[in-house]
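As structure tokens, the structure follows; a few thoughts come after it.
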Amino acid sequence: MSYLSQPWPWYVAGPLIGLMVPLLLLLGNKKFGISSTLRQVCAACVPAGVPFLKYDWKAESWNLFFVVGIIIGGFLASTFIPNTNDVAISEPTRAALLAQGITEFGGLVPVQIFSWQALGTLNGFLLMVVGGFLVGFGSRYAGGCTSGHAIMGLASLQSSSLIAVIGFFVGGLFIVHVVYPVLM
Amino acid sequence: MKQAVYVVPGLLFGVFLYKSEVISWYRIQEMFRFESIHMYGIIGLAVLVGVISVYLIKRFQVSAANGEDVDVPDKVFHHGNWIGGIIFGMGWALTGACPGPMFTHLGAGTSIIVVVILSALAGTWTYSYLRPKLPH
């Protein structure tokens with residue numbers, strides 16, 4: 001059972017995540033993708049006459065159930081088979097984050113900048129509020145996120161998905177290598 | 001309510017995201033610093049399994065369990081792919097979480113993620129509102 005209490009190595013987790021693609025296709029011809037759920041929630045809760053949010057979201061409600069499952073999965077895993085040690089990030093990353101003032105490496109997020117206490121700080125606001133907004137805005141503008149473009153899109157050899165994934169990295173590299181050094 | 005069956009693959013995906021540490025903010029920093037194979041190995045192998053599965057499903061014209069034919073329509077290119085992609089990538093590096101991991105965090109008890117999810121919903125709503133004015 002020890003493998004259950006340890007984090008799973010990439011060569012185990014990667015193929016398992018990839019199997020979501022055929023699982024959803026074979027269950028009901030569904031395309032793996034999470035960010036469309038955000039649009040679903042907007043359409044269900046605050047359509048406000050916006051044309052892009054006026055569609056039959058109930059017909060696509062499978063992905064709302066899928067997201068409920070993700071939440072339950074996160075709860076079950078963290079409750080019954082939790083990863084108890086600090087995330088084993090590489091030494092160079094640890095050193096770089098230390099140099100940026102991050103000294104606590106426990107948990108899944110750095111509590112110094114990613115917590116309720118940090119929400120009122122400039123860095124906390126940028127990470128959580130601005131960051132979240134950009135994820136929601138950008139994924140819908142791009143037509144998908146990591147699951148829809150990087151996994152489902154690349155799995156079906158879509159060139160538009162490859163372009164989106166290159167965009168993901170351009171944006172991410174800019175933040176990590178240009179913005180963080182100035183911010184922290 | 002037939003759609004309720006999708007709770008099951010969702011549950012598995014949530015467990016995978018948690019146990020693989022894909023939901024860790026630190027892992028995303030490490031990825032964008034090119035200092036570990038971890039995230040590249042996960043995404044690369046997931047894509048490989050996906051490519052083989054989609055090929056086999058198309059090759060043998062397998063039907064879905066609900067009787068539908070499986071089709072994977074092409075995603076037609078538009079300029080949002082790269083513009084939105086860059087915007088999304090910035091958010092991914094800031095939050096350390098794309099949408100799947102956000103919901104996994106919620107289940108795993110990272111309560112502050114509620115703020116991130118609400119912000120993401122606000123972002124999606126704002127895109128929807130501005131959509132007619134944005135280049136595509």
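Ligands are numbered from 1 in the order shown, residues from 1 within each chain, and chains are lettered A, B, ... in the order they appear in the structure tokens.
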Proximity check chain B to chain A, 6 Å, nearest pairs one decimal Å, only C-alpha atoms, as a Markdown table:
```
| residue | atom | partner | partner_atom | distance |
| --- | --- | --- | --- | --- |
| B:Gln3 | CA | A:Trp62 | CA | 4.9 |
| B:Ala4 | CA | A:Phe65 | CA | 5.7 |
| B:Tyr6 | CA | A:Phe66 | CA | 4.9 |
| B:Val7 | CA | A:Gly69 | CA | 4.1 |
| B:Gly10 | CA | A:Gly69 | CA | 4.1 |
| B:Leu11 | CA | A:Gly69 | CA | 4.1 |
| B:Gly14 | CA | A:Ile70 | CA | 4.1 |
| B:Val15 | CA | A:Gly73 | CA | 4.8 |
| B:Lys19 | CA | A:Pro7 | CA | 5.0 |
| B:Ser20 | CA | A:Trp8 | CA | 5.0 |
| B:Ser24 | CA | A:Leu108 | CA | 4.6 |
| B:Trp25 | CA | A:Val109 | CA | 5.2 |
| B:Glu30 | CA | A:Thr93 | CA | 5.7 |
| B:Phe32 | CA | A:Leu173 | CA | 5.7 |
| B:His38 | CA | A:Trp10 | CA | 5.6 |
| B:Gly41 | CA | A:Trp10 | CA | 5.7 |
| B:Ile42 | CA | A:Gly14 | CA | 3.8 |
| B:Leu45 | CA | A:Gly14 | CA | 5.0 |
| B:Ala46 | CA | A:Gly18 | CA | 3.6 |
| B:Val47 | CA | A:Ala155 | CA | 5.2 |
| B:Val49 | CA | A:Gly18 | CA | 5.2 |
| B:Gly50 | CA | A:Ala155 | CA | 4.7 |
| B:Val51 | CA | A:Ala155 | CA | 4.1 |
| B:Ser53 | CA | A:Pro22 | CA | 5.8 |
| B:Ala64 | CA | A:Leu26 | CA | 4.3 |
| B:Ala65 | CA | A:Leu27 | CA | 5.0 |
| B:Asn66 | CA | A:Gly28 | CA | 5.4 |
| B:Val70 | CA | A:Asn29 | CA | 5.0 |
| B:Phe77 | CA | A:Ser160 | CA | 4.9 |
| B:Gly80 | CA | A:Ala142 | CA | 4.8 |
| B:Asn81 | CA | A:Ala142 | CA | 4.0 |
| B:Trp82 | CA | A:Ala164 | CA | 5.0 |
| B:Gly84 | CA | A:Gly138 | CA | 4.2 |
| B:Gly85 | CA | A:Gly167 | CA | 4.4 |
| B:Ile86 | CA | A:Gly171 | CA | 4.3 |
| B:Ile87 | CA | A:Gly138 | CA | 4.8 |
| B:Phe88 | CA | A:Gly138 | CA | 4.1 |
| B:Gly89 | CA | A:Phe168 | CA | 3.8 |
| B:Met90 | CA | A:Gly171 | CA | 4.4 |
| B:Gly91 | CA | A:Gly131 | CA | 4.1 |
| B:Ala93 | CA | A:Gly172 | CA | 5.0 |
| B:Leu94 | CA | A:Leu127 | CA | 4.8 |
| B:Thr95 | CA | A:Gly131 | CA | 5.3 |
| B:Pro99 | CA | A:Ser35 | CA | 5.8 |
| B:Gly100 | CA | A:Ile34 | CA | 5.9 |
| B:Phe103 | CA | A:Ile71 | CA | 5.4 |
| B:Thr104 | CA | A:Gly74 | CA | 4.5 |
| B:Gly107 | CA | A:Phe75 | CA | 4.2 |
| B:Ala108 | CA | A:Phe75 | CA | 4.6 |
| B:Ile112 | CA | A:Ser115 | CA | 5.7 |
| B:Val116 | CA | A:Gly132 | CA | 4.6 |
| B:Ser119 | CA | A:Phe133 | CA | 4.6 |
| B:Ala120 | CA | A:Gly136 | CA | 3.9 |
| B:Leu121 | CA | A:Leu38 | CA | 5.7 |
| B:Gly123 | CA | A:Phe137 | CA | 4.2 |
| B:Thr124 | CA | A:Gly136 | CA | 4.6 |
| B:Tyr127 | CA | A:Phe137 | CA | 5.3 |
| B:Ser128 | CA | A:Phe52 | CA | 5.5 |
| B:Tyr129 | CA | A:Val50 | CA | 5.9 |
```
Would you return as a PDB file with N, CA and C atoms, in the first residue's frame the members of segment 12-154 of chain A that DSSP assigns to alpha helix (DSSP H) on this structure's backbone?
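So result-v8.pdb came out as:
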```pdb
ATOM      1  N   VAL A  12       3.699   7.117 -14.109  1.00  0.00           N
ATOM      2  CA  VAL A  12       2.454   6.429 -13.761  1.00  0.00           C
ATOM      3  C   VAL A  12       1.272   7.378 -13.983  1.00  0.00           C
ATOM      4  N   ALA A  13       1.417   8.617 -13.489  1.00  0.00           N
ATOM      5  CA  ALA A  13       0.307   9.569 -13.541  1.00  0.00           C
ATOM      6  C   ALA A  13      -0.001  10.006 -14.978  1.00  0.00           C
ATOM      7  N   GLY A  14       1.036  10.195 -15.800  1.00  0.00           N
ATOM      8  CA  GLY A  14       0.833  10.690 -17.168  1.00  0.00           C
ATOM      9  C   GLY A  14      -0.098   9.795 -17.977  1.00  0.00           C
ATOM     10  N   PRO A  15       0.234   8.483 -18.088  1.00  0.00           N
ATOM     11  CA  PRO A  15      -0.665   7.599 -18.848  1.00  0.00           C
ATOM     12  C   PRO A  15      -2.069   7.536 -18.257  1.00  0.00           C
ATOM     13  N   LEU A  16      -2.197   7.550 -16.927  1.00  0.00           N
ATOM     14  CA  LEU A  16      -3.532   7.505 -16.316  1.00  0.00           C
ATOM     15  C   LEU A  16      -4.343   8.723 -16.731  1.00  0.00           C
ATOM     16  N   ILE A  17      -3.708   9.900 -16.704  1.00  0.00           N
ATOM     17  CA  ILE A  17      -4.416  11.120 -17.112  1.00  0.00           C
ATOM     18  C   ILE A  17      -4.778  11.032 -18.595  1.00  0.00           C
ATOM     19  N   GLY A  18      -3.864  10.479 -19.404  1.00  0.00           N
ATOM     20  CA  GLY A  18      -4.151  10.316 -20.832  1.00  0.00           C
ATOM     21  C   GLY A  18      -5.353   9.426 -21.098  1.00  0.00           C
ATOM     22  N   MET A  20      -8.072   9.471 -19.690  1.00  0.00           N
ATOM     23  CA  MET A  20      -9.330  10.215 -19.616  1.00  0.00           C
ATOM     24  C   MET A  20      -9.883  10.460 -21.025  1.00  0.00           C
ATOM     25  N   VAL A  21      -8.987  10.609 -22.007  1.00  0.00           N
ATOM     26  CA  VAL A  21      -9.428  10.900 -23.384  1.00  0.00           C
ATOM     27  C   VAL A  21     -10.294   9.769 -23.937  1.00  0.00           C
ATOM     28  N   PRO A  22      -9.792   8.519 -23.979  1.00  0.00           N
ATOM     29  CA  PRO A  22     -10.665   7.454 -24.486  1.00  0.00           C
ATOM     30  C   PRO A  22     -11.828   7.138 -23.556  1.00  0.00           C
ATOM     31  N   LEU A  23     -11.631   7.295 -22.251  1.00  0.00           N
ATOM     32  CA  LEU A  23     -12.725   6.979 -21.322  1.00  0.00           C
ATOM     33  C   LEU A  23     -13.954   7.837 -21.629  1.00  0.00           C
ATOM     34  N   LEU A  24     -13.726   9.157 -21.821  1.00  0.00           N
ATOM     35  CA  LEU A  24     -14.857  10.057 -22.088  1.00  0.00           C
ATOM     36  C   LEU A  24     -15.416   9.849 -23.490  1.00  0.00           C
ATOM     37  N   LEU A  25     -14.535   9.580 -24.457  1.00  0.00           N
ATOM     38  CA  LEU A  25     -15.025   9.323 -25.824  1.00  0.00           C
ATOM     39  C   LEU A  25     -15.885   8.066 -25.846  1.00  0.00           C
ATOM     40  N   LEU A  26     -15.439   7.045 -25.126  1.00  0.00           N
ATOM     41  CA  LEU A  26     -16.138   5.762 -25.189  1.00  0.00           C
ATOM     42  C   LEU A  26     -17.389   5.731 -24.318  1.00  0.00           C
ATOM     43  N   LEU A  27     -17.411   6.555 -23.273  1.00  0.00           N
ATOM     44  CA  LEU A  27     -18.624   6.608 -22.447  1.00  0.00           C
ATOM     45  C   LEU A  27     -19.764   7.276 -23.201  1.00  0.00           C
ATOM     46  N   GLY A  28     -19.457   8.386 -23.896  1.00  0.00           N
ATOM     47  CA  GLY A  28     -20.573   9.092 -24.529  1.00  0.00           C
ATOM     48  C   GLY A  28     -20.126  10.110 -25.560  1.00  0.00           C
ATOM     49  N   SER A  36     -14.480  24.673 -20.243  1.00  0.00           N
ATOM     50  CA  SER A  36     -15.836  24.962 -20.723  1.00  0.00           C
ATOM     51  C   SER A  36     -16.847  24.939 -19.576  1.00  0.00           C
ATOM     52  N   THR A  37     -16.479  24.260 -18.484  1.00  0.00           N
ATOM     53  CA  THR A  37     -17.360  24.243 -17.317  1.00  0.00           C
ATOM     54  C   THR A  37     -17.548  25.643 -16.742  1.00  0.00           C
ATOM     55  N   LEU A  38     -16.493  26.467 -16.842  1.00  0.00           N
ATOM     56  CA  LEU A  38     -16.592  27.838 -16.319  1.00  0.00           C
ATOM     57  C   LEU A  38     -17.664  28.599 -17.104  1.00  0.00           C
ATOM     58  N   ARG A  39     -17.678  28.391 -18.418  1.00  0.00           N
ATOM     59  CA  ARG A  39     -18.721  29.025 -19.245  1.00  0.00           C
ATOM     60  C   ARG A  39     -20.104  28.483 -18.862  1.00  0.00           C
ATOM     61  N   GLN A  40     -20.150  27.187 -18.585  1.00  0.00           N
ATOM     62  CA  GLN A  40     -21.415  26.563 -18.192  1.00  0.00           C
ATOM     63  C   GLN A  40     -21.989  27.238 -16.945  1.00  0.00           C
ATOM     64  N   VAL A  41     -21.110  27.452 -15.949  1.00  0.00           N
ATOM     65  CA  VAL A  41     -21.563  28.060 -14.693  1.00  0.00           C
ATOM     66  C   VAL A  41     -22.030  29.486 -14.942  1.00  0.00           C
ATOM     67  N   CYS A  42     -21.282  30.219 -15.780  1.00  0.00           N
ATOM     68  CA  CYS A  42     -21.688  31.593 -16.123  1.00  0.00           C
ATOM     69  C   CYS A  42     -23.056  31.583 -16.809  1.00  0.00           C
ATOM     70  N   ALA A  43     -23.239  30.652 -17.755  1.00  0.00           N
ATOM     71  CA  ALA A  43     -24.497  30.592 -18.503  1.00  0.00           C
ATOM     72  C   ALA A  43     -25.658  30.228 -17.584  1.00  0.00           C
ATOM     73  N   ALA A  44     -25.385  29.378 -16.598  1.00  0.00           N
ATOM     74  CA  ALA A  44     -26.446  28.936 -15.691  1.00  0.00           C
ATOM     75  C   ALA A  44     -26.787  30.010 -14.660  1.00  0.00           C
ATOM     76  N   CYS A  45     -25.757  30.727 -14.200  1.00  0.00           N
ATOM     77  CA  CYS A  45     -25.965  31.643 -13.062  1.00  0.00           C
ATOM     78  C   CYS A  45     -26.143  33.105 -13.469  1.00  0.00           C
ATOM     79  N   TRP A  62     -23.098  17.263 -18.694  1.00  0.00           N
ATOM     80  CA  TRP A  62     -22.184  16.176 -18.302  1.00  0.00           C
ATOM     81  C   TRP A  62     -20.928  16.737 -17.663  1.00  0.00           C
ATOM     82  N   ASN A  63     -20.439  17.883 -18.174  1.00  0.00           N
ATOM     83  CA  ASN A  63     -19.162  18.360 -17.645  1.00  0.00           C
ATOM     84  C   ASN A  63     -19.297  18.969 -16.253  1.00  0.00           C
ATOM     85  N   LEU A  64     -20.527  19.357 -15.873  1.00  0.00           N
ATOM     86  CA  LEU A  64     -20.734  19.791 -14.488  1.00  0.00           C
ATOM     87  C   LEU A  64     -20.619  18.595 -13.543  1.00  0.00           C
ATOM     88  N   PHE A  65     -21.171  17.451 -13.960  1.00  0.00           N
ATOM     89  CA  PHE A  65     -21.012  16.235 -13.155  1.00  0.00           C
ATOM     90  C   PHE A  65     -19.540  15.823 -13.093  1.00  0.00           C
ATOM     91  N   PHE A  66     -18.861  15.997 -14.223  1.00  0.00           N
ATOM     92  CA  PHE A  66     -17.434  15.663 -14.271  1.00  0.00           C
ATOM     93  C   PHE A  66     -16.658  16.489 -13.227  1.00  0.00           C
ATOM     94  N   VAL A  67     -16.989  17.774 -13.153  1.00  0.00           N
ATOM     95  CA  VAL A  67     -16.302  18.655 -12.196  1.00  0.00           C
ATOM     96  C   VAL A  67     -16.672  18.298 -10.753  1.00  0.00           C
ATOM     97  N   VAL A  68     -17.927  17.942 -10.517  1.00  0.00           N
ATOM     98  CA  VAL A  68     -18.309  17.476  -9.177  1.00  0.00           C
ATOM     99  C   VAL A  68     -17.446  16.255  -8.805  1.00  0.00           C
ATOM    100  N   GLY A  69     -17.252  15.378  -9.784  1.00  0.00           N
ATOM    101  CA  GLY A  69     -16.389  14.218  -9.549  1.00  0.00           C
ATOM    102  C   GLY A  69     -14.965  14.628  -9.194  1.00  0.00           C
ATOM    103  N   ILE A  70     -14.432  15.624  -9.889  1.00  0.00           N
ATOM    104  CA  ILE A  70     -13.065  16.090  -9.606  1.00  0.00           C
ATOM    105  C   ILE A  70     -12.965  16.576  -8.158  1.00  0.00           C
ATOM    106  N   ILE A  71     -13.981  17.328  -7.720  1.00  0.00           N
ATOM    107  CA  ILE A  71     -13.971  17.843  -6.346  1.00  0.00           C
ATOM    108  C   ILE A  71     -13.990  16.670  -5.357  1.00  0.00           C
ATOM    109  N   ILE A  72     -14.858  15.694  -5.614  1.00  0.00           N
ATOM    110  CA  ILE A  72     -14.931  14.519  -4.725  1.00  0.00           C
ATOM    111  C   ILE A  72     -13.591  13.767  -4.746  1.00  0.00           C
ATOM    112  N   GLY A  73     -13.001  13.635  -5.943  1.00  0.00           N
ATOM    113  CA  GLY A  73     -11.716  12.941  -6.049  1.00  0.00           C
ATOM    114  C   GLY A  73     -10.632  13.648  -5.243  1.00  0.00           C
ATOM    115  N   GLY A  74     -10.609  14.967  -5.305  1.00  0.00           N
ATOM    116  CA  GLY A  74      -9.632  15.736  -4.528  1.00  0.00           C
ATOM    117  C   GLY A  74      -9.833  15.530  -3.038  1.00  0.00           C
ATOM    118  N   PHE A  75     -11.110  15.458  -2.636  1.00  0.00           N
ATOM    119  CA  PHE A  75     -11.420  15.239  -1.219  1.00  0.00           C
ATOM    120  C   PHE A  75     -10.992  13.839  -0.777  1.00  0.00           C
ATOM    121  N   LEU A  76     -11.367  12.835  -1.566  1.00  0.00           N
ATOM    122  CA  LEU A  76     -11.062  11.451  -1.175  1.00  0.00           C
ATOM    123  C   LEU A  76      -9.549  11.217  -1.113  1.00  0.00           C
ATOM    124  N   ALA A  77      -8.838  11.696  -2.145  1.00  0.00           N
ATOM    125  CA  ALA A  77      -7.390  11.465  -2.179  1.00  0.00           C
ATOM    126  C   ALA A  77      -6.703  12.150  -1.008  1.00  0.00           C
ATOM    127  N   SER A  78      -7.089  13.409  -0.738  1.00  0.00           N
ATOM    128  CA  SER A  78      -6.402  14.146   0.325  1.00  0.00           C
ATOM    129  C   SER A  78      -6.784  13.620   1.709  1.00  0.00           C
ATOM    130  N   THR A  79      -7.929  12.959   1.808  1.00  0.00           N
ATOM    131  CA  THR A  79      -8.381  12.439   3.099  1.00  0.00           C
ATOM    132  C   THR A  79      -7.820  11.039   3.373  1.00  0.00           C
ATOM    133  N   PHE A  80      -7.887  10.160   2.370  1.00  0.00           N
ATOM    134  CA  PHE A  80      -7.546   8.758   2.611  1.00  0.00           C
ATOM    135  C   PHE A  80      -6.155   8.362   2.132  1.00  0.00           C
ATOM    136  N   GLU A  91      16.129  20.965  -6.702  1.00  0.00           N
ATOM    137  CA  GLU A  91      16.948  21.908  -5.924  1.00  0.00           C
ATOM    138  C   GLU A  91      17.048  23.290  -6.574  1.00  0.00           C
ATOM    139  N   PRO A  92      17.291  23.371  -7.890  1.00  0.00           N
ATOM    140  CA  PRO A  92      17.382  24.711  -8.494  1.00  0.00           C
ATOM    141  C   PRO A  92      16.097  25.526  -8.328  1.00  0.00           C
ATOM    142  N   THR A  93      14.939  24.861  -8.438  1.00  0.00           N
ATOM    143  CA  THR A  93      13.671  25.577  -8.269  1.00  0.00           C
ATOM    144  C   THR A  93      13.533  26.060  -6.830  1.00  0.00           C
ATOM    145  N   ARG A  94      13.884  25.180  -5.889  1.00  0.00           N
ATOM    146  CA  ARG A  94      13.813  25.530  -4.477  1.00  0.00           C
ATOM    147  C   ARG A  94      14.704  26.739  -4.175  1.00  0.00           C
ATOM    148  N   ALA A  95      15.918  26.697  -4.728  1.00  0.00           N
ATOM    149  CA  ALA A  95      16.857  27.801  -4.496  1.00  0.00           C
ATOM    150  C   ALA A  95      16.320  29.103  -5.088  1.00  0.00           C
ATOM    151  N   ALA A  96      15.742  29.011  -6.287  1.00  0.00           N
ATOM    152  CA  ALA A  96      15.225  30.214  -6.942  1.00  0.00           C
ATOM    153  C   ALA A  96      14.063  30.799  -6.158  1.00  0.00           C
ATOM    154  N   LEU A  97      13.183  29.924  -5.645  1.00  0.00           N
ATOM    155  CA  LEU A  97      12.040  30.410  -4.874  1.00  0.00           C
ATOM    156  C   LEU A  97      12.501  30.995  -3.542  1.00  0.00           C
ATOM    157  N   LEU A  98      13.518  30.360  -2.928  1.00  0.00           N
ATOM    158  CA  LEU A  98      14.095  30.907  -1.694  1.00  0.00           C
ATOM    159  C   LEU A  98      14.614  32.316  -1.937  1.00  0.00           C
ATOM    160  N   ALA A  99      15.311  32.489  -3.077  1.00  0.00           N
ATOM    161  CA  ALA A  99      15.858  33.803  -3.408  1.00  0.00           C
ATOM    162  C   ALA A  99      14.746  34.826  -3.604  1.00  0.00           C
ATOM    163  N   LEU A 122      -0.252  42.998  -2.278  1.00  0.00           N
ATOM    164  CA  LEU A 122      -0.194  43.174  -3.734  1.00  0.00           C
ATOM    165  C   LEU A 122       0.103  41.835  -4.422  1.00  0.00           C
ATOM    166  N   ASN A 123       1.119  41.121  -3.922  1.00  0.00           N
ATOM    167  CA  ASN A 123       1.473  39.850  -4.549  1.00  0.00           C
ATOM    168  C   ASN A 123       0.343  38.831  -4.450  1.00  0.00           C
ATOM    169  N   GLY A 124      -0.275  38.769  -3.283  1.00  0.00           N
ATOM    170  CA  GLY A 124      -1.386  37.834  -3.100  1.00  0.00           C
ATOM    171  C   GLY A 124      -2.531  38.154  -4.051  1.00  0.00           C
ATOM    172  N   GLY A 131      -4.527  36.382 -11.360  1.00  0.00           N
ATOM    173  CA  GLY A 131      -4.185  35.089 -11.970  1.00  0.00           C
ATOM    174  C   GLY A 131      -5.423  34.291 -12.321  1.00  0.00           C
ATOM    175  N   GLY A 132      -6.355  34.206 -11.384  1.00  0.00           N
ATOM    176  CA  GLY A 132      -7.588  33.459 -11.645  1.00  0.00           C
ATOM    177  C   GLY A 132      -8.369  34.065 -12.801  1.00  0.00           C
ATOM    178  N   PHE A 133      -8.452  35.396 -12.827  1.00  0.00           N
ATOM    179  CA  PHE A 133      -9.172  36.085 -13.899  1.00  0.00           C
ATOM    180  C   PHE A 133      -8.558  35.752 -15.263  1.00  0.00           C
ATOM    181  N   LEU A 134      -7.203  35.780 -15.331  1.00  0.00           N
ATOM    182  CA  LEU A 134      -6.519  35.509 -16.596  1.00  0.00           C
ATOM    183  C   LEU A 134      -6.751  34.063 -17.044  1.00  0.00           C
ATOM    184  N   VAL A 135      -6.796  33.131 -16.087  1.00  0.00           N
ATOM    185  CA  VAL A 135      -7.077  31.733 -16.438  1.00  0.00           C
ATOM    186  C   VAL A 135      -8.466  31.619 -17.069  1.00  0.00           C
ATOM    187  N   GLY A 136      -9.454  32.268 -16.449  1.00  0.00           N
ATOM    188  CA  GLY A 136     -10.818  32.175 -16.950  1.00  0.00           C
ATOM    189  C   GLY A 136     -11.000  32.892 -18.280  1.00  0.00           C
ATOM    190  N   PHE A 137     -10.426  34.075 -18.399  1.00  0.00           N
ATOM    191  CA  PHE A 137     -10.528  34.862 -19.633  1.00  0.00           C
ATOM    192  C   PHE A 137      -9.770  34.178 -20.761  1.00  0.00           C
ATOM    193  N   GLY A 138      -8.503  33.830 -20.465  1.00  0.00           N
ATOM    194  CA  GLY A 138      -7.629  33.286 -21.506  1.00  0.00           C
ATOM    195  C   GLY A 138      -8.071  31.923 -22.010  1.00  0.00           C
ATOM    196  N   SER A 139      -8.525  31.062 -21.103  1.00  0.00           N
ATOM    197  CA  SER A 139      -8.888  29.715 -21.559  1.00  0.00           C
ATOM    198  C   SER A 139     -10.081  29.763 -22.500  1.00  0.00           C
ATOM    199  N   ARG A 140     -11.063  30.612 -22.187  1.00  0.00           N
ATOM    200  CA  ARG A 140     -12.222  30.670 -23.081  1.00  0.00           C
ATOM    201  C   ARG A 140     -11.854  31.348 -24.405  1.00  0.00           C
ATOM    202  N   TYR A 141     -11.026  32.389 -24.342  1.00  0.00           N
ATOM    203  CA  TYR A 141     -10.585  33.086 -25.565  1.00  0.00           C
ATOM    204  C   TYR A 141      -9.786  32.106 -26.439  1.00  0.00           C
ATOM    205  N   ALA A 142      -8.943  31.301 -25.801  1.00  0.00           N
ATOM    206  CA  ALA A 142      -8.119  30.347 -26.557  1.00  0.00           C
ATOM    207  C   ALA A 142      -8.929  29.142 -27.021  1.00  0.00           C
ATOM    208  N   LEU A 154      -3.988  18.090 -28.636  1.00  0.00           N
ATOM    209  CA  LEU A 154      -2.777  17.482 -29.187  1.00  0.00           C
ATOM    210  C   LEU A 154      -3.003  15.995 -29.480  1.00  0.00           C
TER     211      LEU A 154
END
```
ask   = Could you state the separation of atom CA of Pro135 of chain B and atom CA of Val76 of chain B in Å, given to one decimal place?
value =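 Here the two named atoms are 14.7 Å from each other.
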query = Quick one: distance from atom CA of Lys54 of chain A to atom CA of Ile83 of chain B in Å, one decimal?
reply =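 Taking atom CA of Lys54 of chain A and atom CA of Ile83 of chain B, their separation equals 24.0 Å.
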request  = List the neighbours of Pro101 of chain B out to 7 Å using only C-alpha atoms; skip same-chain residues closer than 4 positions along the sequence, and give me the result as an MDAnalysis selection string.
outcome  = chainID B and resid 17 23 97 105
Restrict the selected residues to all heavy atoms and save them as a tab-separated table (two decimals), in the first residue's frame.
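Below is the file part.tsv, written as the result:
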```tsv
chain	number	residue	atom	x	y	z
B	17	LEU	N	-4.89	13.96	-10.37
B	17	LEU	CA	-4.29	15.29	-10.28
B	17	LEU	C	-3.68	15.52	-8.91
B	17	LEU	O	-2.63	16.14	-8.77
B	17	LEU	CB	-5.33	16.38	-10.59
B	17	LEU	CG	-5.78	16.51	-12.04
B	17	LEU	CD1	-6.85	17.58	-12.17
B	17	LEU	CD2	-4.61	16.84	-12.95
B	23	ILE	N	-1.42	19.54	-9.05
B	23	ILE	CA	-2.10	20.70	-8.45
B	23	ILE	C	-1.16	21.53	-7.57
B	23	ILE	O	-1.58	22.51	-6.99
B	23	ILE	CB	-3.36	20.30	-7.65
B	23	ILE	CG1	-2.98	19.52	-6.37
B	23	ILE	CG2	-4.30	19.46	-8.49
B	23	ILE	CD1	-4.17	19.36	-5.42
B	97	ALA	N	-2.32	26.89	-11.08
B	97	ALA	CA	-3.44	25.96	-11.24
B	97	ALA	C	-4.23	26.28	-12.50
B	97	ALA	O	-4.65	27.41	-12.70
B	97	ALA	CB	-4.37	26.02	-10.03
B	105	HIS	N	-8.20	21.26	-5.86
B	105	HIS	CA	-7.86	22.01	-4.65
B	105	HIS	C	-9.09	22.20	-3.76
B	105	HIS	O	-9.01	22.08	-2.54
B	105	HIS	CB	-7.33	23.41	-5.02
B	105	HIS	CG	-5.86	23.49	-5.21
B	105	HIS	ND1	-4.97	23.27	-4.18
B	105	HIS	CD2	-5.10	23.80	-6.29
B	105	HIS	CE1	-3.72	23.43	-4.63
B	105	HIS	NE2	-3.78	23.75	-5.91
```
inquiry  = Rounded to one decimal, what separation in Å do you get between atom CA of Ile28 of chain B and atom CA of Leu118 of chain B?
reply    =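 Between these atoms lies a distance of 20.8 Å.
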